[in-house]
>>> print(open('upload_17.txt').read())   # compact mmCIF, C-alpha atoms
# COMPACT_ATOMS: atom_id res chain seq x y z
CA MET A 1 -52.28 -19.29 -9.39
CA PRO A 2 -51.80 -22.41 -11.61
CA ILE A 3 -52.31 -20.30 -14.71
CA ARG A 4 -49.71 -17.76 -13.52
CA LYS A 5 -47.23 -20.53 -12.71
CA SER A 6 -47.76 -22.09 -16.13
CA ALA A 7 -47.11 -18.74 -17.81
CA GLN A 8 -43.91 -18.29 -15.86
CA THR A 9 -42.81 -21.81 -16.75
CA ARG A 10 -43.41 -21.23 -20.43
CA SER A 11 -41.35 -18.00 -20.26
CA LEU A 12 -38.25 -19.96 -19.21
CA ASN A 13 -36.08 -21.90 -21.60
CA GLY A 14 -35.51 -25.62 -21.24
CA ALA A 15 -32.36 -25.37 -19.11
CA ALA A 16 -33.82 -22.79 -16.70
CA ARG A 17 -36.85 -24.98 -15.92
CA PHE A 18 -34.66 -27.63 -14.29
CA ARG A 19 -32.09 -25.26 -12.70
CA PRO A 20 -32.17 -25.15 -8.86
CA GLY A 21 -32.97 -21.77 -7.37
CA TRP A 22 -29.67 -21.59 -5.48
CA VAL A 23 -27.47 -21.86 -8.61
CA PRO A 24 -27.53 -18.10 -9.46
CA TRP A 25 -26.57 -17.33 -5.87
CA LEU A 26 -23.63 -19.71 -6.22
CA TRP A 27 -22.42 -17.86 -9.30
CA VAL A 28 -22.57 -14.58 -7.39
CA THR A 29 -21.08 -15.90 -4.14
CA LEU A 30 -17.70 -16.99 -5.50
CA PRO A 31 -16.80 -13.61 -7.14
CA VAL A 32 -18.06 -11.75 -4.07
CA LEU A 33 -15.89 -13.90 -1.79
CA ALA A 34 -12.89 -13.28 -4.06
CA VAL A 35 -13.45 -9.51 -3.96
CA ILE A 36 -13.85 -9.55 -0.17
CA SER A 37 -10.76 -11.74 0.33
CA PHE A 38 -8.37 -10.00 -2.03
CA TYR A 39 -9.60 -6.38 -2.05
CA ILE A 40 -11.93 -5.33 0.75
CA TYR A 41 -10.30 -7.23 3.63
CA PRO A 42 -6.71 -6.14 2.76
CA PHE A 43 -7.90 -2.54 2.38
CA ILE A 44 -9.63 -2.54 5.78
CA THR A 45 -6.58 -4.18 7.35
CA THR A 46 -4.28 -1.56 5.81
CA VAL A 47 -6.39 1.28 7.18
CA TYR A 48 -6.51 -0.30 10.63
CA VAL A 49 -2.76 -1.03 10.79
CA SER A 50 -2.02 2.58 9.76
CA PHE A 51 -3.31 3.61 13.21
CA THR A 52 -1.13 1.10 15.12
CA LYS A 53 2.53 0.79 16.03
CA THR A 54 3.41 -2.32 14.04
CA LYS A 55 6.84 -3.50 12.95
CA PRO A 56 7.48 -5.38 9.70
CA MET A 57 7.00 -9.15 10.04
CA GLY A 58 5.48 -8.66 13.49
CA ARG A 59 2.08 -8.79 15.13
CA ILE A 60 -0.27 -5.85 15.02
CA GLY A 61 0.83 -3.43 17.73
CA ARG A 62 -0.97 -1.04 19.98
CA PHE A 63 -3.22 1.77 18.76
CA VAL A 64 -1.34 5.08 18.38
CA GLY A 65 -3.96 7.26 16.70
CA ILE A 66 -2.64 9.55 13.98
CA ASP A 67 1.00 9.33 15.08
CA ASN A 68 1.94 7.36 11.96
CA PHE A 69 0.34 9.94 9.69
CA THR A 70 2.10 12.73 11.58
CA ALA A 71 5.45 10.96 11.19
CA VAL A 72 4.90 10.34 7.48
CA LEU A 73 3.69 13.86 6.68
CA SER A 74 6.63 15.37 8.58
CA ASP A 75 9.17 13.23 6.71
CA PRO A 76 10.94 15.20 3.93
CA GLU A 77 11.57 11.95 2.04
CA PHE A 78 7.82 11.38 1.78
CA TRP A 79 7.29 14.78 0.18
CA GLN A 80 10.24 14.29 -2.19
CA SER A 81 8.84 10.91 -3.25
CA LEU A 82 5.37 12.40 -3.72
CA THR A 83 6.87 15.23 -5.77
CA ASN A 84 8.64 12.73 -8.04
CA SER A 85 5.39 10.82 -8.55
CA LEU A 86 3.49 14.01 -9.35
CA ILE A 87 6.19 15.17 -11.79
CA TYR A 88 6.00 11.75 -13.41
CA ALA A 89 2.23 12.08 -13.82
CA VAL A 90 2.37 15.67 -15.09
CA CYS A 91 4.88 14.73 -17.79
CA VAL A 92 3.43 11.37 -18.85
CA VAL A 93 -0.33 11.97 -18.76
CA PRO A 94 -0.58 14.67 -21.48
CA LEU A 95 1.66 12.66 -23.80
CA MET A 96 -0.25 9.44 -23.09
CA VAL A 97 -3.53 11.17 -23.90
CA LEU A 98 -2.38 12.76 -27.16
CA LEU A 99 0.20 10.41 -28.72
CA PRO A 100 -1.98 7.26 -28.81
CA LEU A 101 -4.74 9.29 -30.46
CA LEU A 102 -2.39 10.48 -33.19
CA LEU A 103 -1.08 6.95 -33.59
CA ALA A 104 -4.64 5.61 -33.84
CA LEU A 105 -5.40 8.12 -36.60
CA LEU A 106 -2.28 6.92 -38.41
CA VAL A 107 -3.04 3.19 -38.26
CA LYS A 108 -6.75 3.82 -38.93
CA SER A 109 -5.96 4.64 -42.54
CA HIS A 110 -6.35 1.82 -45.05
CA VAL A 111 -2.94 1.33 -46.62
CA PRO A 112 -1.18 -1.89 -47.65
CA GLY A 113 0.50 -3.66 -44.74
CA ILE A 114 -1.20 -1.62 -42.02
CA GLY A 115 -2.47 -4.80 -40.30
CA PHE A 116 1.09 -6.07 -39.87
CA PHE A 117 2.14 -2.68 -38.50
CA ARG A 118 -0.70 -2.75 -35.94
CA ALA A 119 0.27 -6.21 -34.73
CA LEU A 120 3.97 -5.34 -34.60
CA TYR A 121 3.42 -2.11 -32.72
CA TYR A 122 1.21 -3.81 -30.14
CA LEU A 123 4.02 -6.14 -29.02
CA PRO A 124 5.28 -3.84 -26.20
CA ALA A 125 1.81 -3.83 -24.63
CA ILE A 126 1.79 -7.62 -24.25
CA SER A 127 5.42 -7.90 -23.14
CA SER A 128 6.45 -8.25 -19.50
CA LEU A 129 7.18 -4.89 -17.88
CA VAL A 130 10.04 -6.46 -15.91
CA VAL A 131 11.67 -7.79 -19.08
CA ILE A 132 11.22 -4.46 -20.84
CA SER A 133 12.72 -2.52 -17.91
CA LEU A 134 15.73 -4.88 -17.68
CA ALA A 135 16.28 -4.58 -21.44
CA TRP A 136 16.28 -0.79 -21.22
CA ARG A 137 18.59 -0.99 -18.19
CA TYR A 138 21.07 -2.94 -20.32
CA LEU A 139 20.82 -0.39 -23.13
CA LEU A 140 21.24 2.59 -20.78
CA ASP A 141 24.01 1.16 -18.60
CA GLN A 142 27.25 3.10 -18.17
CA ARG A 143 28.96 0.51 -20.40
CA GLY A 144 25.84 -0.25 -22.43
CA PRO A 145 25.35 0.04 -26.19
CA ILE A 146 24.07 3.62 -26.10
CA ASN A 147 27.01 5.00 -24.10
CA ASN A 148 29.44 2.92 -26.17
CA MET A 149 28.01 4.48 -29.29
CA LEU A 150 28.35 7.96 -27.77
CA ALA A 151 31.97 7.17 -26.81
CA SER A 152 32.71 6.09 -30.39
CA TRP A 153 31.53 9.52 -31.52
CA GLY A 154 33.88 11.20 -29.04
CA LEU A 155 31.12 12.18 -26.60
CA ASP A 156 31.10 11.74 -22.83
CA PRO A 157 28.91 8.96 -21.39
CA VAL A 158 25.51 10.00 -20.08
CA PRO A 159 24.65 8.93 -16.49
CA PHE A 160 21.26 7.51 -17.41
CA LEU A 161 21.06 5.23 -14.36
CA SER A 162 22.86 7.29 -11.72
CA ASN A 163 21.30 10.74 -12.09
CA GLN A 164 18.04 11.40 -10.27
CA TRP A 165 16.26 13.14 -13.12
CA MET A 166 17.70 10.94 -15.87
CA ILE A 167 16.28 7.83 -14.17
CA LEU A 168 12.88 9.50 -13.96
CA PHE A 169 13.09 10.59 -17.61
CA CYS A 170 14.11 7.11 -18.81
CA ALA A 171 11.30 5.53 -16.79
CA MET A 172 8.86 7.90 -18.50
CA ILE A 173 10.09 6.71 -21.89
CA ILE A 174 9.50 3.08 -20.88
CA THR A 175 6.00 3.87 -19.63
CA LEU A 176 5.13 5.69 -22.85
CA TRP A 177 6.70 3.03 -25.05
CA GLN A 178 4.69 0.25 -23.43
CA GLY A 179 1.45 2.17 -22.92
CA LEU A 180 1.04 3.73 -26.36
CA PRO A 181 -0.16 0.55 -28.16
CA TYR A 182 -2.70 -0.30 -25.46
CA TYR A 183 -4.33 3.12 -25.46
CA MET A 184 -4.09 3.22 -29.25
CA ILE A 185 -6.51 0.26 -29.34
CA LEU A 186 -8.90 2.12 -27.04
CA TYR A 187 -8.81 5.17 -29.30
CA LEU A 188 -9.38 3.01 -32.38
CA SER A 189 -12.61 1.72 -30.83
CA ALA A 190 -13.67 5.29 -30.02
CA LEU A 191 -12.82 6.58 -33.51
CA ALA A 192 -14.95 3.83 -35.04
CA ASN A 193 -18.00 5.44 -33.39
CA VAL A 194 -17.34 8.94 -34.78
CA ASP A 195 -19.79 9.76 -37.56
CA LYS A 196 -17.91 9.96 -40.87
CA SER A 197 -20.40 12.46 -42.20
CA LEU A 198 -19.01 15.01 -39.75
CA TYR A 199 -15.60 14.76 -41.40
CA GLU A 200 -17.21 15.13 -44.83
CA ALA A 201 -19.20 18.17 -43.72
CA ALA A 202 -16.11 19.78 -42.18
CA GLU A 203 -14.13 19.10 -45.36
CA LEU A 204 -16.86 20.70 -47.48
CA ASP A 205 -16.68 23.75 -45.22
CA GLY A 206 -12.99 24.05 -46.07
CA ALA A 207 -11.63 22.72 -42.77
CA GLY A 208 -8.05 21.47 -42.95
CA PRO A 209 -6.65 18.41 -41.16
CA ILE A 210 -5.83 20.32 -37.96
CA ARG A 211 -9.23 21.95 -37.79
CA ARG A 212 -11.00 18.63 -38.47
CA PHE A 213 -8.93 17.09 -35.70
CA LEU A 214 -9.87 19.81 -33.21
CA THR A 215 -13.53 20.21 -34.14
CA VAL A 216 -14.52 16.63 -35.05
CA THR A 217 -12.04 14.08 -33.73
CA VAL A 218 -11.37 15.52 -30.28
CA PRO A 219 -15.07 16.07 -29.39
CA GLY A 220 -15.86 12.60 -30.72
CA VAL A 221 -13.35 10.86 -28.46
CA LYS A 222 -13.60 13.25 -25.51
CA VAL A 223 -14.98 10.62 -23.14
CA MET A 224 -12.18 8.21 -24.07
CA MET A 225 -9.61 10.96 -23.49
CA PHE A 226 -10.90 11.43 -19.94
CA LEU A 227 -10.73 7.67 -19.40
CA VAL A 228 -7.16 7.46 -20.69
CA ALA A 229 -6.13 10.43 -18.54
CA THR A 230 -7.67 8.83 -15.44
CA LEU A 231 -6.10 5.42 -16.00
CA THR A 232 -2.71 6.91 -16.82
CA THR A 233 -2.70 9.18 -13.78
CA ILE A 234 -3.55 6.28 -11.47
CA GLY A 235 -0.75 4.24 -13.03
CA CYS A 236 1.74 7.10 -12.72
CA LEU A 237 0.95 7.69 -9.05
CA LYS A 238 1.57 3.98 -8.42
CA ILE A 239 4.73 3.84 -10.58
CA PHE A 240 7.27 1.43 -9.16
CA THR A 241 8.68 -1.23 -11.50
CA GLU A 242 10.31 1.01 -14.09
CA VAL A 243 12.03 3.32 -11.59
CA TYR A 244 13.05 0.50 -9.25
CA LEU A 245 14.56 -1.73 -11.94
CA LEU A 246 16.40 1.15 -13.59
CA GLY A 247 17.90 2.59 -10.41
CA GLY A 248 17.95 -0.44 -8.14
CA SER A 249 17.27 -0.55 -4.41
CA ALA A 250 19.74 2.32 -3.84
CA SER A 251 18.20 4.47 -6.58
CA PRO A 252 18.70 8.22 -6.14
CA THR A 253 15.13 8.62 -7.37
CA LYS A 254 12.25 7.38 -5.24
CA THR A 255 8.56 7.46 -6.01
CA LEU A 256 5.79 7.25 -3.44
CA THR A 257 5.36 3.50 -3.90
CA MET A 258 9.11 3.00 -3.42
CA TYR A 259 8.91 5.04 -0.22
CA ILE A 260 6.08 2.81 1.00
CA ARG A 261 8.12 -0.30 0.18
CA ASP A 262 11.16 0.98 2.06
CA ARG A 263 9.07 1.74 5.14
CA ILE A 264 7.46 -1.70 5.11
CA VAL A 265 10.28 -4.13 4.25
CA ASP A 266 13.07 -2.72 6.45
CA PRO A 267 13.09 -5.11 9.46
CA THR A 268 15.24 -2.79 11.61
CA PHE A 269 14.16 0.80 10.96
CA GLY A 270 10.94 0.13 9.05
CA SER A 271 7.41 0.57 10.31
CA LEU A 272 4.46 -1.28 8.87
CA GLY A 273 2.13 1.25 10.46
CA GLN A 274 3.88 4.19 8.78
CA GLY A 275 4.06 2.31 5.48
CA ASP A 276 0.32 1.67 5.62
CA ALA A 277 -0.26 5.30 6.57
CA ALA A 278 1.62 6.36 3.44
CA SER A 279 -0.49 3.86 1.47
CA VAL A 280 -3.66 5.46 2.80
CA CYS A 281 -2.33 8.87 1.75
CA LEU A 282 -1.69 7.51 -1.74
CA PHE A 283 -5.23 6.13 -1.85
CA LEU A 284 -6.72 9.47 -0.78
CA ILE A 285 -4.70 11.34 -3.42
CA THR A 286 -5.74 8.89 -6.13
CA PHE A 287 -9.38 8.85 -5.02
CA GLY A 288 -9.45 12.66 -4.93
CA PHE A 289 -8.13 12.81 -8.47
CA ILE A 290 -10.76 10.32 -9.67
CA ILE A 291 -13.55 12.41 -8.13
CA ALA A 292 -12.15 15.58 -9.72
CA SER A 293 -11.81 13.83 -13.08
CA GLN A 294 -15.40 12.60 -12.98
CA SER A 295 -16.60 16.11 -12.13
CA LEU A 296 -14.66 17.62 -15.03
CA GLN A 297 -15.98 14.94 -17.37
CA ARG A 298 -19.59 15.65 -16.41
CA LYS A 299 -19.06 19.38 -16.95
CA ALA A 300 -17.47 18.72 -20.36
CA GLU A 301 -20.35 16.45 -21.39
CA ASP A 302 -22.93 19.04 -20.26
CA SER A 303 -21.21 21.78 -22.24
>>> encode(input="upload_17.txt", output="structure tokens")
Amino acid sequence: MPIRKSAQTRSLNGAARFRPGWVPWLWVTLPVLAVISFYIYPFITTVYVSFTKTKPMGRIGRFVGIDNFTAVLSDPEFWQSLTNSLIYAVCVVPLMVLLPLLLALLVKSHVPGIGFFRALYYLPAISSLVVISLAWRYLLDQRGPINNMLASWGLDPVPFLSNQWMILFCAMIITLWQGLPYYMILYLSALANVDKSLYEAAELDGAGPIRRFLTVTVPGVKVMMFLVATLTTIGCLKIFTEVYLLGGSASPTKTLTMYIRDRIVDPTFGSLGQGDAASVCLFLITFGFIIASQSLQRKAEDS
């Protein structure tokens, strides 16, 4: 036993020899408490409240079973909001997967001044989404610079902020404009791991730029493409800030998160139980997509 203890002591560095045994547990305890306090407990509370009749700013009410889910799923506004969120995801996700990859291939080339271009283009990703949305709201206002320019050309003003589909379209532009630089960085890290000899071999075989892109680049960053698609879809299903700040509280376009907000914050006609029920539905939709995405990724890697 003494020999074994001496060997263990020699295997530790100087600091570890004098460290109390409870210190590692302390390092683990604080993050675990933070996760429980700010993630697990609110999630469990949300699920529980979704089965109760609870008003906003009130105490938890009596248990009503699945009545809240029945009321939410029978509400046409819920389905319209879900449809808007799904349309948002269907339009944004393919562009967010492809455009940052093309942009990464562009800035990956070694040309004079490319470092400045990378830094300049990354500015939207580190800017506040609220500030960006308010800036675009000013540009797209009925009396904003864009409509004033159209009027100077003799054209009618475009209802960017009053038409249901125009608000959704403008919010998509904001999401793409801010998200492209961030995902470009992710693709740059993935492209750095692609073997350059594959490009050389494809070029020797007579492959053009498009064929090299499809046969070398895309397979090389396939895992990153799945990751970008998953993250973007989750973000699109939870879209709120862009649409809300463009259209305001009386926006003709509502996403699923805006529907949840309206159900929760209205002190007169709102219902915290129904709002939480809609939140649980959003979680199930998002979780189902993640499971499907992981399954598709495993099949793609196996093939």
>>> atom_distance(input="upload_17.txt", atom1="atom CA of Cys236 of chain A", atom2="atom CA of Tyr121 of chain A")
22.1 Å
>>> closest_atom_pairs(input="upload_17.txt", of="segment 82-184 of chain A", to="segment 216-226 of chain A", cutoff="12 Å", atoms="all atoms listed in the file", output="JSON lines")
{"residue": "A:Val93", "atom": "CA", "partner": "A:Met225", "partner_atom": "CA", "distance": 10.5}
{"residue": "A:Pro94", "atom": "CA", "partner": "A:Met225", "partner_atom": "CA", "distance": 10.0}
{"residue": "A:Leu95", "atom": "CA", "partner": "A:Met225", "partner_atom": "CA", "distance": 11.4}
{"residue": "A:Met96", "atom": "CA", "partner": "A:Met225", "partner_atom": "CA", "distance": 9.5}
{"residue": "A:Val97", "atom": "CA", "partner": "A:Met225", "partner_atom": "CA", "distance": 6.1}
{"residue": "A:Leu98", "atom": "CA", "partner": "A:Met225", "partner_atom": "CA", "distance": 8.3}
{"residue": "A:Leu99", "atom": "CA", "partner": "A:Met225", "partner_atom": "CA", "distance": 11.1}
{"residue": "A:Pro100", "atom": "CA", "partner": "A:Met225", "partner_atom": "CA", "distance": 10.0}
{"residue": "A:Leu101", "atom": "CA", "partner": "A:Met225", "partner_atom": "CA", "distance": 8.7}
{"residue": "A:Leu102", "atom": "CA", "partner": "A:Thr217", "partner_atom": "CA", "distance": 10.3}
{"residue": "A:Ala104", "atom": "CA", "partner": "A:Thr217", "partner_atom": "CA", "distance": 11.2}
{"residue": "A:Leu105", "atom": "CA", "partner": "A:Thr217", "partner_atom": "CA", "distance": 9.4}
{"residue": "A:Tyr183", "atom": "CA", "partner": "A:Met224", "partner_atom": "CA", "distance": 9.5}
{"residue": "A:Met184", "atom": "CA", "partner": "A:Met224", "partner_atom": "CA", "distance": 10.8}
>>> atom_distance(input="upload_17.txt", atom1="atom CA of Leu86 of chain A", atom2="atom CA of Ile40 of chain A")
26.7 Å
>>> closest_residue(input="upload_17.txt", among="A:Ser81, A:Leu73, A:Arg298, A:Ile185", to="Asp262 of chain A", atoms="only C-alpha atoms")
A:Ser81
>>> residues_around(input="upload_17.txt", residues="segment 159-170 of chain A", least_positions_apart="3", cutoff="12 Å", atoms="only C-alpha atoms", output="VMD selection string")
chain A and resid 80 to 81 83 to 89 91 to 92 133 to 134 136 to 144 146 to 147 150 156 173 to 177 236 239 to 248 250 to 255
>>> atom_distance(input="upload_17.txt", atom1="atom CA of Gln178 of chain A", atom2="atom CA of Ser279 of chain A")
25.7 Å
>>> axis_aligned_box(input="upload_17.txt", around="segment 270-285 of chain A", padding_each_side="8 Å", output="JSON")
{"center_x": 2.1, "center_y": 5.0, "center_z": 3.5, "size_x": 33.7, "size_y": 28.6, "size_z": 29.9}
>>> closest_residue(input="upload_17.txt", among="A:Ile126, A:Leu155, A:Val49, A:Val64", to="Ala278 of chain A", atoms="all atoms listed in the file")
A:Val49
>>> closest_residue(input="upload_17.txt", among="A:Thr230, A:Phe78, A:Val32, A:Tyr187", to="Ala292 of chain A", atoms="only C-alpha atoms")
A:Thr230
>>> closest_residue(input="upload_17.txt", among="A:Ile132, A:Met57, A:Met258, A:Ala277", to="Glu77 of chain A", atoms="all atoms listed in the file")
A:Met258
